[in-house]
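Trainee: My structure is stored as final.csv, with CSV, C-alpha atoms.
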```csv
chain,number,residue,atom,x,y,z
A,782,MET,CA,-11.3,31.0,-14.7
A,783,ARG,CA,-13.4,28.6,-12.5
A,784,LEU,CA,-12.7,26.4,-9.6
A,785,HIS,CA,-15.0,23.5,-8.6
A,786,CYS,CA,-14.9,22.9,-4.9
A,787,GLU,CA,-16.9,23.1,-1.6
A,788,VAL,CA,-17.2,26.6,-0.2
A,789,GLU,CA,-18.2,27.9,3.2
A,790,VAL,CA,-18.5,31.7,3.6
A,791,VAL,CA,-18.0,32.5,7.3
A,792,SER,CA,-18.8,36.0,8.7
A,793,ARG,CA,-16.3,37.2,11.3
A,794,HIS,CA,-19.1,39.1,13.0
A,795,LEU,CA,-20.9,35.9,14.1
A,796,PRO,CA,-18.9,35.3,17.3
A,797,THR,CA,-19.6,38.9,18.5
A,798,LEU,CA,-23.3,38.2,18.1
A,799,GLY,CA,-23.1,35.0,20.0
A,800,LEU,CA,-23.7,32.9,16.8
A,801,ARG,CA,-21.9,30.1,15.2
A,802,ASN,CA,-21.5,29.2,11.5
A,803,ARG,CA,-22.9,25.9,10.1
A,804,GLY,CA,-19.4,24.4,9.9
A,805,LYS,CA,-20.1,22.6,6.6
A,806,GLY,CA,-19.3,23.7,3.0
A,807,VAL,CA,-21.6,23.4,0.0
A,808,ARG,CA,-20.7,22.5,-3.6
A,809,ALA,CA,-20.0,25.6,-5.5
A,810,VAL,CA,-18.3,27.0,-8.6
A,811,VAL,CA,-15.9,29.8,-7.7
A,812,SER,CA,-15.2,32.1,-10.7
A,813,LEU,CA,-12.6,34.8,-11.2
A,814,CYS,CA,-14.7,37.2,-13.3
A,815,GLN,CA,-14.3,40.5,-15.1
A,816,LEU,CA,-16.5,43.3,-14.0
A,817,ARG,CA,-16.4,44.9,-17.4
A,818,ALA,CA,-15.5,43.5,-20.7
A,819,PRO,CA,-12.0,44.7,-22.0
A,820,ALA,CA,-11.5,46.1,-25.5
A,821,LYS,CA,-11.3,43.5,-28.2
A,822,GLY,CA,-7.9,41.8,-28.3
A,823,GLN,CA,-6.9,43.3,-25.0
A,824,PRO,CA,-6.2,41.4,-21.7
A,825,ALA,CA,-8.4,42.0,-18.7
A,826,GLY,CA,-7.5,45.3,-17.0
A,827,PRO,CA,-6.1,45.6,-13.5
A,828,HIS,CA,-9.4,46.8,-12.1
A,829,SER,CA,-11.7,44.3,-13.7
A,830,ALA,CA,-11.5,41.1,-11.6
A,831,CYS,CA,-13.8,39.9,-8.9
A,832,LEU,CA,-14.7,36.7,-7.1
A,833,LEU,CA,-18.1,35.1,-7.9
A,834,VAL,CA,-19.3,32.2,-5.7
A,835,SER,CA,-22.2,30.3,-7.3
A,836,THR,CA,-24.1,27.4,-5.8
A,837,LEU,CA,-26.9,25.1,-7.1
A,838,LYS,CA,-29.4,27.2,-5.1
A,839,ASP,CA,-27.9,30.5,-6.2
A,840,LYS,CA,-26.6,30.1,-9.7
A,841,ARG,CA,-26.2,33.8,-10.3
A,842,GLY,CA,-23.8,33.8,-7.3
A,843,THR,CA,-22.5,36.3,-4.8
A,844,ARG,CA,-19.9,38.8,-6.0
A,845,TYR,CA,-16.8,39.9,-3.9
A,846,GLU,CA,-14.4,42.7,-4.9
A,847,LEU,CA,-10.8,41.7,-4.9
A,848,LYS,CA,-8.6,44.7,-5.6
A,849,GLU,CA,-6.8,45.6,-2.3
A,850,ASN,CA,-9.6,43.8,-0.5
A,851,ILE,CA,-7.9,40.6,0.7
A,852,GLU,CA,-6.6,40.7,4.3
A,853,GLN,CA,-4.9,37.3,4.3
A,854,PHE,CA,-4.5,33.9,2.5
A,855,PHE,CA,-4.4,30.7,4.5
A,856,THR,CA,-2.7,28.0,2.4
A,857,LYS,CA,-1.2,25.6,4.9
A,858,PHE,CA,-3.3,22.7,3.5
A,859,VAL,CA,-3.4,23.7,-0.1
A,860,ASP,CA,-1.9,20.3,-1.1
A,861,GLU,CA,-5.0,18.7,0.4
A,862,GLY,CA,-7.2,21.0,-1.7
A,863,LYS,CA,-8.0,23.4,1.1
A,864,ALA,CA,-7.5,27.1,1.5
A,865,THR,CA,-9.1,30.2,3.0
A,866,VAL,CA,-9.3,33.7,1.6
A,867,ARG,CA,-10.0,36.4,4.2
A,868,LEU,CA,-11.6,39.5,2.8
A,869,LYS,CA,-11.7,43.0,4.4
A,870,GLU,CA,-15.1,44.0,3.1
A,871,PRO,CA,-17.4,42.3,3.8
A,872,PRO,CA,-15.6,40.8,6.8
A,873,VAL,CA,-15.9,37.2,5.7
A,874,ASP,CA,-13.7,34.2,5.3
A,875,ILE,CA,-14.2,32.2,2.1
A,876,CYS,CA,-13.2,28.6,3.0
A,877,LEU,CA,-12.4,26.4,0.0
A,878,SER,CA,-12.2,22.6,0.3
A,879,LYS,CA,-12.3,19.4,-1.7
A,880,ALA,CA,-10.6,21.2,-4.6
A,881,ASN,CA,-8.0,19.8,-7.0
A,882,SER,CA,-4.8,20.9,-5.4
A,883,SER,CA,-3.0,22.0,-8.7
A,884,SER,CA,-6.1,23.8,-9.9
A,885,LEU,CA,-6.4,25.5,-6.5
A,886,LYS,CA,-2.8,26.7,-6.5
A,887,GLY,CA,-3.3,28.2,-10.0
A,888,PHE,CA,-6.6,29.9,-8.9
A,889,LEU,CA,-5.1,31.4,-5.8
A,890,SER,CA,-2.2,32.8,-7.8
A,891,ALA,CA,-4.6,34.6,-10.1
A,892,VAL,CA,-6.6,35.9,-7.1
A,893,ARG,CA,-3.4,37.3,-5.6
A,894,LEU,CA,-2.7,39.2,-8.9
A,895,ALA,CA,-6.2,40.6,-8.9
A,896,HIS,CA,-5.8,41.7,-5.3
A,897,ARG,CA,-2.6,43.6,-6.1
A,898,GLY,CA,-4.3,45.2,-9.1
A,899,CYS,CA,-2.0,43.4,-11.6
A,900,VAL,CA,-3.0,42.1,-14.9
A,901,VAL,CA,-4.4,38.5,-14.7
A,902,ASN,CA,-2.8,36.6,-17.5
A,903,THR,CA,-5.6,34.1,-17.9
A,904,SER,CA,-9.0,34.1,-19.4
A,905,LEU,CA,-11.6,35.5,-16.9
A,906,SER,CA,-15.2,34.3,-16.7
A,907,THR,CA,-18.1,36.6,-17.3
A,908,LEU,CA,-20.7,37.6,-14.7
A,909,THR,CA,-23.3,35.2,-15.9
A,910,ALA,CA,-25.3,32.5,-14.1
A,911,VAL,CA,-23.6,29.1,-13.8
A,912,LYS,CA,-25.3,26.3,-15.7
A,913,THR,CA,-26.7,23.3,-13.8
A,914,SER,CA,-24.4,21.0,-15.9
A,915,GLU,CA,-21.4,22.7,-14.1
A,916,PHE,CA,-22.5,21.2,-10.8
A,917,GLU,CA,-22.6,17.7,-12.3
A,918,LYS,CA,-18.8,17.7,-12.2
A,919,PHE,CA,-19.1,17.2,-8.4
A,920,LYS,CA,-19.6,13.5,-8.9
A,921,THR,CA,-18.8,11.7,-5.6
A,922,LYS,CA,-19.4,8.1,-6.5
A,923,MET,CA,-18.4,6.1,-9.6
A,924,VAL,CA,-19.0,2.3,-10.1
A,925,ILE,CA,-17.4,0.5,-13.0
A,926,THR,CA,-17.9,-3.2,-13.3
A,927,CYS,CA,-16.6,-4.1,-16.8
A,928,LYS,CA,-13.7,-3.1,-19.1
A,929,LYS,CA,-16.0,-1.3,-21.6
A,930,GLU,CA,-17.0,1.3,-19.0
A,931,TYR,CA,-13.4,1.9,-17.8
A,932,PRO,CA,-12.2,5.5,-18.7
A,933,LEU,CA,-9.1,5.3,-20.9
A,934,SER,CA,-9.0,8.8,-22.5
A,935,LYS,CA,-10.3,11.0,-19.6
A,936,ASN,CA,-9.5,11.4,-16.0
A,937,PHE,CA,-11.7,10.4,-13.1
A,938,PRO,CA,-13.8,13.2,-11.6
A,939,TYR,CA,-11.4,14.8,-9.0
A,940,SER,CA,-14.3,15.1,-6.5
A,941,LEU,CA,-14.9,11.3,-6.2
A,942,GLU,CA,-15.2,10.0,-2.7
A,943,HIS,CA,-16.2,6.4,-3.6
A,944,LEU,CA,-14.7,4.6,-6.6
A,945,GLN,CA,-15.3,1.0,-7.6
A,946,THR,CA,-13.5,-0.6,-10.5
A,947,SER,CA,-14.2,-4.3,-10.4
A,948,TYR,CA,-14.0,-7.0,-13.1
A,949,CYS,CA,-11.9,-4.6,-15.3
A,950,GLY,CA,-8.9,-6.8,-15.7
A,951,LEU,CA,-6.5,-4.3,-14.0
A,952,VAL,CA,-3.0,-5.6,-13.5
A,953,ARG,CA,-1.8,-2.6,-11.6
A,954,VAL,CA,-3.4,0.3,-9.7
A,955,ASP,CA,-4.2,3.2,-12.1
A,956,MET,CA,-2.0,6.1,-11.1
A,957,ARG,CA,-4.9,8.5,-11.9
A,958,MET,CA,-6.7,7.1,-8.9
A,959,LEU,CA,-3.9,8.3,-6.7
A,960,CYS,CA,-4.7,11.9,-7.6
A,961,LEU,CA,-8.2,11.6,-6.1
A,962,LYS,CA,-7.4,13.3,-2.8
A,963,ASN,CA,-11.0,13.2,-1.5
A,964,LEU,CA,-11.3,9.4,-2.0
A,965,MET,CA,-12.7,7.7,1.1
A,966,LYS,CA,-13.6,4.3,-0.3
A,967,LEU,CA,-11.7,2.4,-3.1
A,968,ASP,CA,-12.9,-0.9,-4.4
A,969,LEU,CA,-10.4,-2.7,-6.7
A,970,SER,CA,-11.8,-6.2,-6.1
A,971,HIS,CA,-12.0,-8.9,-8.8
A,972,ASN,CA,-9.0,-7.8,-10.9
A,973,HIS,CA,-5.4,-9.1,-11.5
A,974,ILE,CA,-3.4,-6.7,-9.4
A,975,LYS,CA,-0.1,-8.2,-8.3
A,976,LYS,CA,1.5,-5.3,-6.4
A,977,LEU,CA,0.5,-2.0,-4.7
A,978,PRO,CA,2.3,1.2,-5.5
A,979,ALA,CA,4.1,2.9,-2.6
A,980,THR,CA,2.3,6.1,-3.3
A,981,ILE,CA,-1.2,4.7,-2.5
A,982,GLY,CA,-0.6,6.2,0.9
A,983,ASP,CA,-1.1,9.6,-0.7
A,984,LEU,CA,-4.9,9.0,-0.5
A,985,ILE,CA,-4.9,10.7,2.9
A,986,HIS,CA,-8.7,10.4,3.5
A,987,LEU,CA,-9.0,6.7,2.5
A,988,GLN,CA,-11.1,4.8,5.0
A,989,GLU,CA,-12.0,1.6,3.1
A,990,LEU,CA,-9.9,-0.4,0.7
A,991,ASP,CA,-11.1,-3.6,-1.0
A,992,LEU,CA,-8.4,-5.6,-2.8
A,993,SER,CA,-10.2,-8.9,-2.6
A,994,ASP,CA,-9.9,-11.5,-5.4
A,995,ASN,CA,-6.6,-10.2,-6.9
A,996,HIS,CA,-3.1,-11.7,-7.3
A,997,LEU,CA,-1.3,-10.0,-4.5
A,998,GLU,CA,1.6,-12.1,-3.1
A,999,SER,CA,3.0,-9.6,-0.6
A,1000,PHE,CA,2.0,-6.4,1.1
A,1001,ASN,CA,3.9,-3.1,0.8
A,1002,VAL,CA,5.7,-1.8,3.9
A,1003,ALA,CA,5.4,1.8,2.6
A,1004,PHE,CA,1.6,1.4,2.7
A,1005,CYS,CA,1.8,0.6,6.4
A,1006,GLN,CA,4.0,3.6,7.2
A,1007,SER,CA,1.9,6.1,5.2
A,1008,THR,CA,-0.8,8.5,6.3
A,1009,LEU,CA,-3.2,5.6,6.1
A,1010,GLN,CA,-2.1,4.8,9.6
A,1011,LYS,CA,-4.6,7.5,10.7
A,1012,SER,CA,-7.4,7.0,8.2
A,1013,LEU,CA,-7.8,3.4,7.1
A,1014,ARG,CA,-10.6,1.5,8.9
A,1015,ARG,CA,-11.6,-1.3,6.7
A,1016,LEU,CA,-9.3,-3.5,4.6
A,1017,ASP,CA,-10.2,-6.5,2.5
A,1018,LEU,CA,-7.3,-8.7,1.3
A,1019,SER,CA,-9.3,-11.9,0.9
A,1020,LYS,CA,-8.8,-14.3,-2.0
A,1021,ASN,CA,-5.2,-13.4,-2.8
A,1022,LYS,CA,-1.9,-15.2,-2.6
A,1023,ILE,CA,-0.4,-13.5,0.4
A,1024,LYS,CA,2.0,-15.7,2.4
A,1025,ALA,CA,2.9,-13.2,5.1
A,1026,LEU,CA,2.2,-9.6,6.3
A,1027,PRO,CA,5.0,-7.3,7.3
A,1028,LEU,CA,5.8,-6.4,10.9
A,1029,GLN,CA,4.8,-2.8,10.1
A,1030,PHE,CA,1.3,-3.9,9.2
A,1031,CYS,CA,0.3,-3.4,12.8
A,1032,GLN,CA,1.0,0.3,12.5
A,1033,LEU,CA,-2.4,0.6,10.8
A,1034,GLN,CA,-3.9,1.2,14.2
A,1035,GLU,CA,-7.2,2.6,13.1
A,1036,LEU,CA,-8.2,-0.7,11.5
A,1037,SER,CA,-11.6,-1.9,12.8
A,1038,ASP,CA,-12.4,-4.5,10.1
A,1039,LEU,CA,-9.8,-6.8,8.5
A,1040,LYS,CA,-10.5,-9.6,6.1
A,1041,LEU,CA,-7.7,-12.1,5.2
A,1042,ASP,CA,-9.7,-15.1,4.1
A,1043,ASP,CA,-8.5,-17.5,1.4
A,1044,ASN,CA,-4.8,-16.5,1.3
A,1045,GLU,CA,-1.7,-18.6,2.1
A,1046,LEU,CA,-0.8,-17.0,5.4
A,1047,ILE,CA,1.4,-19.2,7.6
A,1048,GLN,CA,1.2,-16.8,10.5
A,1049,LEU,CA,-0.6,-13.6,11.5
A,1050,PRO,CA,1.4,-10.4,12.2
A,1051,PHE,CA,3.7,-10.8,15.2
A,1052,LYS,CA,2.4,-7.5,16.9
A,1053,ILE,CA,-1.2,-7.9,16.0
A,1054,GLY,CA,-2.1,-7.0,19.6
A,1055,LEU,CA,-1.3,-3.4,18.7
A,1056,LEU,CA,-4.5,-3.2,16.6
A,1057,LYS,CA,-6.5,-1.9,19.6
A,1058,ASN,CA,-9.4,-0.7,17.4
A,1059,LEU,CA,-9.8,-4.0,15.6
A,1060,ARG,CA,-13.4,-5.4,16.0
A,1061,PHE,CA,-13.9,-7.8,13.0
A,1062,LEU,CA,-11.2,-10.2,12.0
A,1063,SER,CA,-11.6,-12.9,9.4
A,1064,ALA,CA,-8.7,-15.2,8.3
A,1065,ALA,CA,-10.5,-18.4,7.3
A,1066,ARG,CA,-9.0,-21.0,5.0
A,1067,ASN,CA,-5.3,-20.0,5.3
A,1068,LYS,CA,-2.4,-22.2,6.6
A,1069,LEU,CA,-2.1,-20.9,10.1
A,1070,LEU,CA,-0.4,-23.3,12.5
A,1071,VAL,CA,-0.4,-21.2,15.7
A,1072,LEU,CA,-1.6,-17.8,16.8
A,1073,PRO,CA,1.0,-15.1,17.9
A,1074,SER,CA,1.3,-14.4,21.6
A,1075,GLU,CA,-0.2,-10.9,21.3
A,1076,PHE,CA,-3.3,-12.3,19.8
A,1077,LYS,CA,-4.5,-12.5,23.4
A,1078,ASN,CA,-4.6,-8.7,23.7
A,1079,LEU,CA,-7.3,-8.3,21.0
A,1080,SER,CA,-10.9,-7.4,21.9
A,1081,LEU,CA,-13.1,-8.5,19.0
A,1082,GLU,CA,-16.8,-8.6,18.2
A,1083,TYR,CA,-16.4,-11.2,15.4
A,1084,LEU,CA,-13.7,-13.7,14.7
A,1085,ASP,CA,-13.5,-16.3,11.9
A,1086,LEU,CA,-10.5,-18.7,11.7
A,1087,PHE,CA,-12.3,-21.6,10.1
A,1088,GLY,CA,-10.4,-24.0,7.9
A,1089,ASN,CA,-6.8,-23.4,9.1
A,1090,THR,CA,-4.3,-26.2,9.8
A,1091,PHE,CA,-3.8,-25.5,13.5
A,1092,GLU,CA,-1.3,-27.8,15.1
A,1093,GLN,CA,-1.8,-29.5,18.5
A,1094,PRO,CA,-0.1,-27.6,21.4
A,1095,LYS,CA,3.3,-29.0,22.1
A,1096,THR,CA,3.8,-30.7,25.4
A,1097,LEU,CA,7.4,-29.7,25.9
A,1098,PRO,CA,8.5,-26.0,25.7
A,1099,VAL,CA,11.3,-24.6,23.6
A,1100,ILE,CA,14.1,-23.4,26.0
A,1101,LYS,CA,16.5,-20.8,24.7
A,1102,LEU,CA,17.6,-19.2,28.0
A,1103,GLN,CA,21.0,-17.6,28.2
A,1104,VAL,CA,23.0,-17.8,31.4
A,1105,PRO,CA,24.3,-15.2,32.0
A,1106,LEU,CA,22.4,-12.8,29.7
A,1107,SER,CA,24.4,-11.4,26.8
A,1108,LEU,CA,25.2,-7.7,26.7
A,1109,LEU,CA,22.9,-7.4,23.7
A,1110,GLU,CA,20.0,-9.0,25.6
A,1111,LEU,CA,20.5,-6.8,28.6
A,1112,SER,CA,20.7,-3.6,26.5
A,1113,ALA,CA,17.6,-4.5,24.5
A,1114,ARG,CA,15.5,-5.3,27.6
A,1115,THR,CA,16.6,-1.9,29.2
A,1116,ILE,CA,15.7,0.1,26.0
A,1117,LEU,CA,12.3,-1.6,25.7
A,1118,CYS,CA,11.5,-1.6,29.4
A,1119,ASN,CA,12.3,2.1,29.8
A,1120,ARG,CA,10.8,3.0,26.4
A,1121,ILE,CA,13.9,4.7,25.2
A,1122,PRO,CA,13.4,6.0,21.6
A,1123,TYR,CA,15.4,4.3,18.9
A,1124,ALA,CA,15.7,4.6,15.1
A,1125,CYS,CA,17.9,3.6,12.2
A,1126,HIS,CA,19.8,6.9,12.3
A,1127,ILE,CA,20.7,6.2,16.0
A,1128,ILE,CA,21.6,2.5,16.0
A,1129,PRO,CA,22.2,0.0,13.1
A,1130,PHE,CA,19.2,-1.2,11.2
A,1131,HIS,CA,19.5,-4.8,12.2
A,1132,LEU,CA,19.4,-3.8,15.9
A,1133,CYS,CA,16.2,-1.9,15.2
A,1134,GLN,CA,14.7,-5.0,13.6
A,1135,ASP,CA,15.7,-7.0,16.7
A,1136,LEU,CA,14.0,-4.5,19.0
A,1137,ASP,CA,10.9,-4.5,16.8
A,1138,THR,CA,10.6,-8.2,17.0
A,1139,ALA,CA,11.2,-8.6,20.7
A,1140,LYS,CA,9.0,-11.0,22.5
A,1141,THR,CA,6.7,-10.0,25.3
A,1142,CYS,CA,6.8,-12.2,28.4
A,1143,VAL,CA,3.5,-13.0,30.2
A,1144,CYS,CA,4.8,-10.9,33.1
A,1145,GLY,CA,5.0,-7.8,30.7
A,1146,ARG,CA,8.8,-7.7,30.4
A,1147,PHE,CA,10.6,-8.1,27.1
A,1148,CYS,CA,13.0,-10.7,25.8
A,1149,LEU,CA,15.1,-10.8,22.7
A,1150,MET,CA,17.0,-14.1,22.3
A,1151,SER,CA,16.8,-15.5,25.8
A,1152,PHE,CA,13.4,-17.0,26.4
A,1153,ILE,CA,11.2,-20.1,26.9
A,1154,GLN,CA,8.5,-20.6,24.3
A,1155,GLY,CA,5.4,-22.6,24.9
A,1156,THR,CA,2.2,-23.4,23.1
A,1157,ALA,CA,-1.2,-23.7,24.8
A,1158,ALA,CA,-4.8,-24.0,23.6
A,1159,MET,CA,-6.9,-20.8,24.0
A,1160,ASN,CA,-10.6,-20.6,23.8
A,1161,LEU,CA,-11.3,-17.9,21.2
A,1162,HIS,CA,-14.3,-16.6,23.1
A,1163,SER,CA,-11.8,-15.0,25.5
A,1164,VAL,CA,-10.9,-12.5,22.7
A,1165,ALA,CA,-14.1,-12.3,20.7
A,1166,HIS,CA,-17.9,-12.1,21.4
A,1167,THR,CA,-18.9,-14.1,18.2
A,1168,VAL,CA,-16.6,-16.9,17.1
A,1169,VAL,CA,-17.0,-19.0,14.0
A,1170,LEU,CA,-16.1,-22.7,14.7
A,1171,VAL,CA,-12.5,-23.4,14.0
A,1172,ASP,CA,-13.2,-26.8,12.4
A,1173,ASN,CA,-16.1,-29.2,11.5
A,1174,MET,CA,-15.9,-30.8,15.0
A,1175,GLY,CA,-17.4,-27.7,16.6
A,1176,GLY,CA,-14.2,-26.5,18.3
A,1177,THR,CA,-13.5,-22.9,19.3
A,1178,ASP,CA,-10.0,-23.5,20.7
A,1179,ALA,CA,-6.8,-22.6,18.8
A,1180,PRO,CA,-3.1,-22.8,19.8
A,1181,VAL,CA,-1.4,-19.6,20.9
A,1182,THR,CA,2.3,-19.1,21.5
A,1183,SER,CA,3.5,-17.8,24.9
A,1184,TYR,CA,6.9,-16.4,25.8
A,1185,PHE,CA,8.7,-16.4,29.2
A,1186,CYS,CA,11.7,-14.2,30.0
A,1187,SER,CA,12.9,-16.5,32.7
A,1188,LEU,CA,12.5,-19.9,34.3
A,1189,ALA,CA,10.7,-18.3,37.2
A,1190,CYS,CA,8.0,-16.8,34.9
A,1191,TYR,CA,7.6,-20.1,33.2
A,1192,VAL,CA,7.1,-22.0,36.5
A,1193,ASN,CA,4.7,-19.4,37.9
A,1194,SER,CA,2.6,-19.6,34.7
A,1195,SER,CA,2.8,-23.3,34.0
A,1196,ASP,CA,-0.9,-23.7,34.8
A,1197,ILE,CA,-1.8,-22.3,31.4
A,1198,PHE,CA,-0.4,-25.4,29.8
A,1199,LYS,CA,-2.5,-27.8,31.8
```
Taking this structure as input, can you express it in the form of structure tokens?
Mentor:
Amino acid sequence: MRLHCEVEVVSRHLPTLGLRNRGKGVRAVVSLCQLRAPAKGQPAGPHSACLLVSTLKDKRGTRYELKENIEQFFTKFVDEGKATVRLKEPPVDICLSKANSSSLKGFLSAVRLAHRGCVVNTSLSTLTAVKTSEFEKFKTKMVITCKKEYPLSKNFPYSLEHLQTSYCGLVRVDMRMLCLKNLMKLDLSHNHIKKLPATIGDLIHLQELDLSDNHLESFNVAFCQSTLQKSLRRLDLSKNKIKALPLQFCQLQELSDLKLDDNELIQLPFKIGLLKNLRFLSAARNKLLVLPSEFKNLSLEYLDLFGNTFEQPKTLPVIKLQVPLSLLELSARTILCNRIPYACHIIPFHLCQDLDTAKTCVCGRFCLMSFIQGTAAMNLHSVAHTVVLVDNMGGTDAPVTSYFCSLACYVNSSDIFK
């Protein structure tokens, strides 16, 4: 029985000697081996199992006794392919990572049986050197650029960290890809994908996702609310048919590079200012008419909005002030101003939506349905170091929406419309 993973063997004596471990695992084959061959036709005996850790530099491996020799199992992150086996003698921790989660669970179950001295009801490996070919299973990068190369009958190597499947005619995301828990970069460009599965968020380590040149018409809300909020840094959605991005899109707050070129976007996400880490934004050749008010909160290194149909700023503002303010308006402003938590299990869903889409006045206060809306030209250099010209006339200005919670705020800020 063998497990392909990364292993780090940490001696618990190091801290007492003032030393530190390397802190990095190496590719290894961990085998559950029999110390002596059982009689023909008989299962492995209760005293015959040991753990053998073999690496590319040490193919013969290091052997560890198991019977009554395990102090503790650490399996909190077993679903992420991580676990630690703490041995009594020698006093070491065997840290396993980047393993297939289902294989790891089965392997740990067999190790537990060996520790208790029970019969292990599975075939045990022999104490022989591991072949070099075994380590080739640790493939971390795979590039497929045509249909003929695409694997139909076998799974992708579970250890993949970078997978590219371009020009393969895919109409949906292959569910086998979603089992690659170590995947950090996924390139599905130049296919015919129309919809993303909700479970794509299971790729907890994914940092880069390229979906350019597909047939996407919308973007999955579940994607934005998944664990990708903490991992995804680069997203390429260019050359699709996306008309709008959901409000929840701005929950992907680790994004630093976003490409939205050649879509059918009429507007950018309302709360785009929440993307505090965004440094590169490209949304050229869409149908943008005006930029959202929170666009002014961005701090970019590169911005490209060329080829959009920006409208001229309107001279007269849109006035939707309520006098007096409604109870709903007053309640909403109080909740948002005091940062009172809210959720669908506390208040009705439609009220949550109203609070999520509340406007932010230039004074910093919030407004729901009582506001003044104005449009003014903004020089894009105020939010980006490098700006691609907006049009063929050499302009770098674009209209941006501003909201005012009261007439006083509008009068005090009226100079921005001059």
Trainee: Quick one: everything within 9 Å of Leu961 (chain A), counting only C-alpha atoms, minus sequence neighbours fewer than 3 positions away in the same chain. Send it as a ChimeraX atom specification.
Mentor: /A:881,937-942,957-958,964,984
Trainee: Would you kindly return, as a list in words, each protein, DNA or RNA residue with an atom no farther than 6 Å from any atom of Ile875 (chain A), considering all atoms listed in the file and excluding same-chain residues fewer than 5 positions away?
Mentor: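 My list of contacting residues is Glu789, Val790, Thr865 and Val866 of chain A.
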Trainee: Generate a file of the selected residues that holds C-alpha atoms, formatted as a PDB file, in the frame of the given file.
Mentor:
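This is the output file part28.pdb:
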```pdb
ATOM      1  CA  GLU A 789     -18.200  27.900   3.200  1.00  0.00           C
ATOM      2  CA  VAL A 790     -18.500  31.700   3.600  1.00  0.00           C
ATOM      3  CA  THR A 865      -9.100  30.200   3.000  1.00  0.00           C
ATOM      4  CA  VAL A 866      -9.300  33.700   1.600  1.00  0.00           C
TER       5      VAL A 866
END
```
Trainee: Distance CA of Ala1179 (chain A)-CA of Leu1070 (chain A), one decimal place?
Mentor: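 For CA of Ala1179 (chain A) relative to CA of Leu1070 (chain A), the distance reads 9.0 Å.
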Trainee: Take the point (-6.7, 32.7, 3.9) as written in the file and pick out every residue within 12 Å of it, counting only C-alpha atoms; give the list as a list in words.
Mentor: Val790, Val791, Ile851, Glu852, Gln853, Phe854, Phe855, Thr856, Lys857, Phe858, Val859, Lys863, Ala864, Thr865, Val866, Arg867, Leu868, Lys869, Val873, Asp874, Ile875, Cys876, Leu877, Leu889, Val892 and Arg893 of chain A
Trainee: What would the file look like if the residues just selected were written as a PDB file, keeping the file's coordinate frame with C-alpha atoms?
Mentor:
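Saved as result.pdb:
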```pdb
ATOM      1  CA  VAL A 790     -18.500  31.700   3.600  1.00  0.00           C
ATOM      2  CA  VAL A 791     -18.000  32.500   7.300  1.00  0.00           C
ATOM      3  CA  ILE A 851      -7.900  40.600   0.700  1.00  0.00           C
ATOM      4  CA  GLU A 852      -6.600  40.700   4.300  1.00  0.00           C
ATOM      5  CA  GLN A 853      -4.900  37.300   4.300  1.00  0.00           C
ATOM      6  CA  PHE A 854      -4.500  33.900   2.500  1.00  0.00           C
ATOM      7  CA  PHE A 855      -4.400  30.700   4.500  1.00  0.00           C
ATOM      8  CA  THR A 856      -2.700  28.000   2.400  1.00  0.00           C
ATOM      9  CA  LYS A 857      -1.200  25.600   4.900  1.00  0.00           C
ATOM     10  CA  PHE A 858      -3.300  22.700   3.500  1.00  0.00           C
ATOM     11  CA  VAL A 859      -3.400  23.700  -0.100  1.00  0.00           C
ATOM     12  CA  LYS A 863      -8.000  23.400   1.100  1.00  0.00           C
ATOM     13  CA  ALA A 864      -7.500  27.100   1.500  1.00  0.00           C
ATOM     14  CA  THR A 865      -9.100  30.200   3.000  1.00  0.00           C
ATOM     15  CA  VAL A 866      -9.300  33.700   1.600  1.00  0.00           C
ATOM     16  CA  ARG A 867     -10.000  36.400   4.200  1.00  0.00           C
ATOM     17  CA  LEU A 868     -11.600  39.500   2.800  1.00  0.00           C
ATOM     18  CA  LYS A 869     -11.700  43.000   4.400  1.00  0.00           C
ATOM     19  CA  VAL A 873     -15.900  37.200   5.700  1.00  0.00           C
ATOM     20  CA  ASP A 874     -13.700  34.200   5.300  1.00  0.00           C
ATOM     21  CA  ILE A 875     -14.200  32.200   2.100  1.00  0.00           C
ATOM     22  CA  CYS A 876     -13.200  28.600   3.000  1.00  0.00           C
ATOM     23  CA  LEU A 877     -12.400  26.400   0.000  1.00  0.00           C
ATOM     24  CA  LEU A 889      -5.100  31.400  -5.800  1.00  0.00           C
ATOM     25  CA  VAL A 892      -6.600  35.900  -7.100  1.00  0.00           C
ATOM     26  CA  ARG A 893      -3.400  37.300  -5.600  1.00  0.00           C
TER      27      ARG A 893
END
```
Trainee: Give me, please, the distance in Å between CA of Thr1167 (chain A) and CA of Ser993 (chain A), quoted to one decimal.
Mentor: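 For CA of Thr1167 (chain A) relative to CA of Ser993 (chain A), the distance reads 23.1 Å.
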Trainee: What does the structure give for the distance between CA of Val1099 (chain A) and CA of Glu1075 (chain A), in Å to one decimal?
Mentor: 18.0 Å
Trainee: Considering only C-alpha atoms, return as a list in words whatever protein or nucleic-acid residues lie within 6 Å of Asp968 (chain A), sequence-local ones (same chain, fewer than 4 positions apart) excluded.
Mentor: Gln945, Leu990 and Asp991 of chain A
Trainee: Nearest residue to Asn1021 (chain A) out of A:Arg793, A:Asn995, A:Asp1042, A:Glu1035, using all atoms listed in the file?
Mentor: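 For Asn1021 (chain A), the nearest of the given residues is A:Asn995.
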